[in-house]
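Only one structure is covered here, and it is reproduced in the block below.
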Amino acid sequence: MTAGPVSLPARELRSLRQSGELLAALTSRELRLRYQGSFFGWAWSLVRPLALGLILTFALGKVLGTGITAEFLLAGLFPWFWFQSSVQAAAATFVGNGGLLKKVRFPREVLPLSVVLGNTLQFLLALPVLVGFLLWDGYTPTRQWLALPLIFALQLALTTGLAFFVASVTVFFRDLEHIVEVLLNLVFYATPIIYSAGAVPPEYRWVIRLNPLAPLADGWRGILLENTWPGRDIWFSVALTALVVVVGWFTFRRLEDSFADVI
Amino acid sequence: MSSERPVVLDVRGVAKKYRMVAPGTELKTTLLRPFAAWRSRRQRANLWAVSDVSFQVPRGEFFSIIGANGSGKSTLLRLLAGLSKPTRGSIRVEGTISTLLELGSGFHPQVSGRENAVMNGLLVGMTRAEIEALLPRIIEFAGLQEFIDQPMRTYSSGMYVRLGFAIAAFLEPELLLVDEVLAVGDLRFQEKCYEHIAGLQQQGVTIVMVSHDLAAVQRFSDRAALMERGHIVAIGDPKKVVSLHVERLASSSPEIRAALEEHIAADQEGMDRLLAEDPEARAAFAAALELNPEFRRRMDEEAARQHGK
């Protein structure tokens with residue numbers, strides 16, 4: 001009788017710790033497998049944003065003469081690739097682990113979470129490279145850099161919410177994985193990454209305003225390069241992120257019971 | 001069965017409906033011919049893989065489910081494992097489940113047996129410390145001492161099954177669900193597995209097994225259930241349930257009928273041996289039952305004529 005209320009928190013605690021261990025094991029396995037046998041290992045995750053950054057610096061900055069700089073591009077591209085690879089990989093996670101879903105009962109949420117966690121770790125490992133480049137280029141940390149964790153947390157929440165939605169719906173609607181790929185390409189250009197939000201003609205501003213990633217991209221760059229705090233439009237991003245997280249989570253909850261029947 | 005033992009598994013009125021895939025419901029048709037797609041979606045058939053199944057299993061019982069291919073027994077086991085939700089009815093399970101459903105499907109070929117064992121344990125709800133304490137016994141039981149740190153792609157299929165069984169059986173479950181997996185290992189290892197399962201049963205573990213191995217069902221189970229087309233048609237003493245199954249199969253299959261009459265007429269043990277040892281005969285049984293309702297009618301006529309003579 002008395003053991004009930006006392007032992008319940010201990011049990012909850014154990015199950016929380018257990019889920020954490022499972023998440024860590026899945027994430028570390030995925031990261032190790034991704035670069036297994038390749039000589040440069042995780043350094044490959046730097047190559048994509050760096051290569052695109054260099055090409056665009058040359059093409060936009062030098063050839064077209066827009067005056068766009070490498071640090072401007074890299075400060076936008078690193079966070080973008082974090083977002084893009086998380087969402088793209090999440091779309092395939094339940095379908096790709098179909099065998100596991102059909103045979104073993106485990107908390108399904110660890111699959112999209114491990115995808116996001118793995119990509120987040122890669123981003124965090126790449127961040128020192130970006131910061132190192134900025135410091136070498138003559139930038140110095142200011143007190144605005146204190147806002148970096150906030151921008152980071154906001155983008156992490158948005159990514160996670162979207163990952164849950166995309167991963168769950170793809171199980172029932174396989175085309176979504178390919179639609180996501182195309183959409184991500186479009187969103188890349190609809191987000192101020194290779195241009196600044198201020199350069200957009202007024203009649204197209206609405207695109208930027210409706211895009212929850214735009215204040216984030218602006219935020220990263222403002223903090224790192226321009227010593228400005230995130231603008232007021234960040235609140236729109238916060239509201240939309242909250243909505244995405246709620247919708248993503250409940251979509252997952254609603255659909256997870258039928259995963260094993262459909263895959 | 002003994003009413004004083006607590007019920008560990010309580011299944012009441014369980015049914016599972018699958019919707020058959022209808023042609024013309026892919027995105028292309030939906031976009032180009034929405035009306036046709038909508039109509040065919042509405043008309044697609046339902047398949048009741050399991051219907052109106054109820055039974056209770058008390059603690060410490062070895063309960064077997066037999067039936068031809070497609071009779072719904074594996075679907076039922078998946079429902080019991082909580083991998084899929086019943087369309088109707090309820091399943092109540094006391095205690096932790098460990099499932100043997102198609103061993104090794106959770107294994108990743110690129111990582112070592114040891115890491116797969118740890119991952120498997122984490123997936124079924126153990127902590128890392130608990131698994132690591134059990135690992136030496138698991139490795140020893142599977143006989144993989146020198147291979148455990150090799151990637152699993154180098155394992156033979158027997159090694160896969162041995163590791164899978166060892167993990168599932170050593171995770172100290174209260175209810176163990178076994179699905180047709182022991183058929184893959186060699187005979188000596190099969191024997192070892194059955195011994196281990198019997199040992200678990202003595203410690204009070206409840207076992208539910210789905211199997212085509214009728215000899216093993218008779219030898220080990222306390223009770224058995226026979227499934228046909230999603231229903232449980234018989235439940236009780238394993239010997240009686242198995243012979244009912246064999247009878248019904250034989251009456252529907254010409255090959256089996258002939259084999260019985262020519263070689264091992266009316267010899268129940270020989271029959272069991274045939275079914276246990278010859279997968280061809282098992283497949284013929286199953287196929288004949290599934291595909292040939294007309295043959296059953298002819299058999300009945302034949303039997304009636306002989307009776308008349």
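Going through the structure tokens in order, the chains are called A, B, and so on, while each chain numbers its residues from 1 and the ligands are numbered from 1 in the order shown.
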Contact residues around region 188-195 of chain B with only C-alpha atoms at 12 Å, ignoring same-chain residues under 2 positions, as a short mmCIF file (atom, residue, chain, number, x, y, z; two decimals) with C-alpha atoms, in the first residue's frame:
```cif
data_model
loop_
_atom_site.label_atom_id
_atom_site.label_comp_id
_atom_site.auth_asym_id
_atom_site.auth_seq_id
_atom_site.Cartn_x
_atom_site.Cartn_y
_atom_site.Cartn_z
CA PHE B 62 2.90 -23.15 -21.86
CA LEU B 100 10.92 -13.69 -30.01
CA PHE B 141 24.48 -19.71 -24.30
CA ALA B 142 24.73 -18.62 -27.94
CA GLY B 143 28.22 -20.14 -28.16
CA GLY B 158 22.36 -20.09 -37.31
CA MET B 159 24.54 -17.68 -35.34
CA VAL B 161 19.19 -17.10 -34.44
CA ARG B 162 21.30 -18.30 -31.54
CA LEU B 163 22.16 -14.79 -30.47
CA GLY B 164 18.56 -13.66 -30.95
CA PHE B 165 17.17 -16.47 -28.87
CA ALA B 166 19.78 -16.05 -26.16
CA ILE B 167 18.95 -12.34 -25.82
CA ALA B 168 15.20 -12.83 -25.72
CA ALA B 169 15.38 -15.75 -23.33
CA PHE B 170 17.81 -14.16 -20.88
CA VAL B 178 7.71 -17.34 -29.35
CA GLU B 180 8.28 -20.06 -35.22
CA VAL B 181 11.90 -19.16 -34.86
CA LEU B 182 13.49 -22.29 -33.58
CA ALA B 183 13.04 -23.98 -36.94
CA VAL B 184 16.12 -22.16 -38.24
CA GLY B 185 18.71 -23.36 -35.75
CA ASP B 186 20.30 -26.79 -35.82
CA ILE B 197 12.13 -22.55 -22.16
CA ALA B 198 11.06 -25.44 -19.94
CA GLY B 199 13.40 -24.12 -17.25
CA LEU B 200 11.86 -20.66 -17.56
CA GLN B 201 8.42 -22.20 -17.24
CA GLN B 202 9.43 -23.81 -13.95
CA ILE B 207 4.98 -18.96 -22.61
CA MET B 209 4.20 -20.10 -28.80
CA ASP B 213 6.30 -28.00 -35.14
CA ALA B 216 7.09 -29.90 -30.07
CA VAL B 217 3.62 -28.51 -29.42
CA ARG B 219 5.60 -32.43 -26.11
CA PHE B 220 5.85 -29.11 -24.32
CA SER B 221 2.53 -27.33 -24.17
#
```
Original post:
What residues in chain A lie within 9 Å of chain B, counting only C-alpha atoms, written as a list of chain:residue names?
Top reply: A:Arg14, A:Ser15, A:Arg17, A:Gln18, A:Ser19, A:Glu21, A:Leu22, A:Ala25, A:Leu26, A:Arg29, A:Leu33, A:Asn97, A:Gly99, A:Leu100, A:Leu101, A:Lys102, A:Lys103, A:Val104, A:Arg105, A:Phe106, A:Pro107, A:Phe173, A:Asp175, A:Asp257, A:Ser258, A:Phe259, A:Ala260, A:Asp261
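In this model, the gap between CA of Gly95 (chain B) and CA of Pro173 (chain B) comes to 8.0 Å.
Of the residues listed (B:Pro238, B:Gly60, B:Pro86, B:Pro151), B:Pro151 shows the shortest atom-to-atom separation from Ser112 (chain B); distances use only C-alpha atoms.
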Original post:
How many Å separate CA of Phe72 (chain A) from CA of Ala190 (chain A)?
Top reply: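 These two atoms are separated by 16.6 Å.
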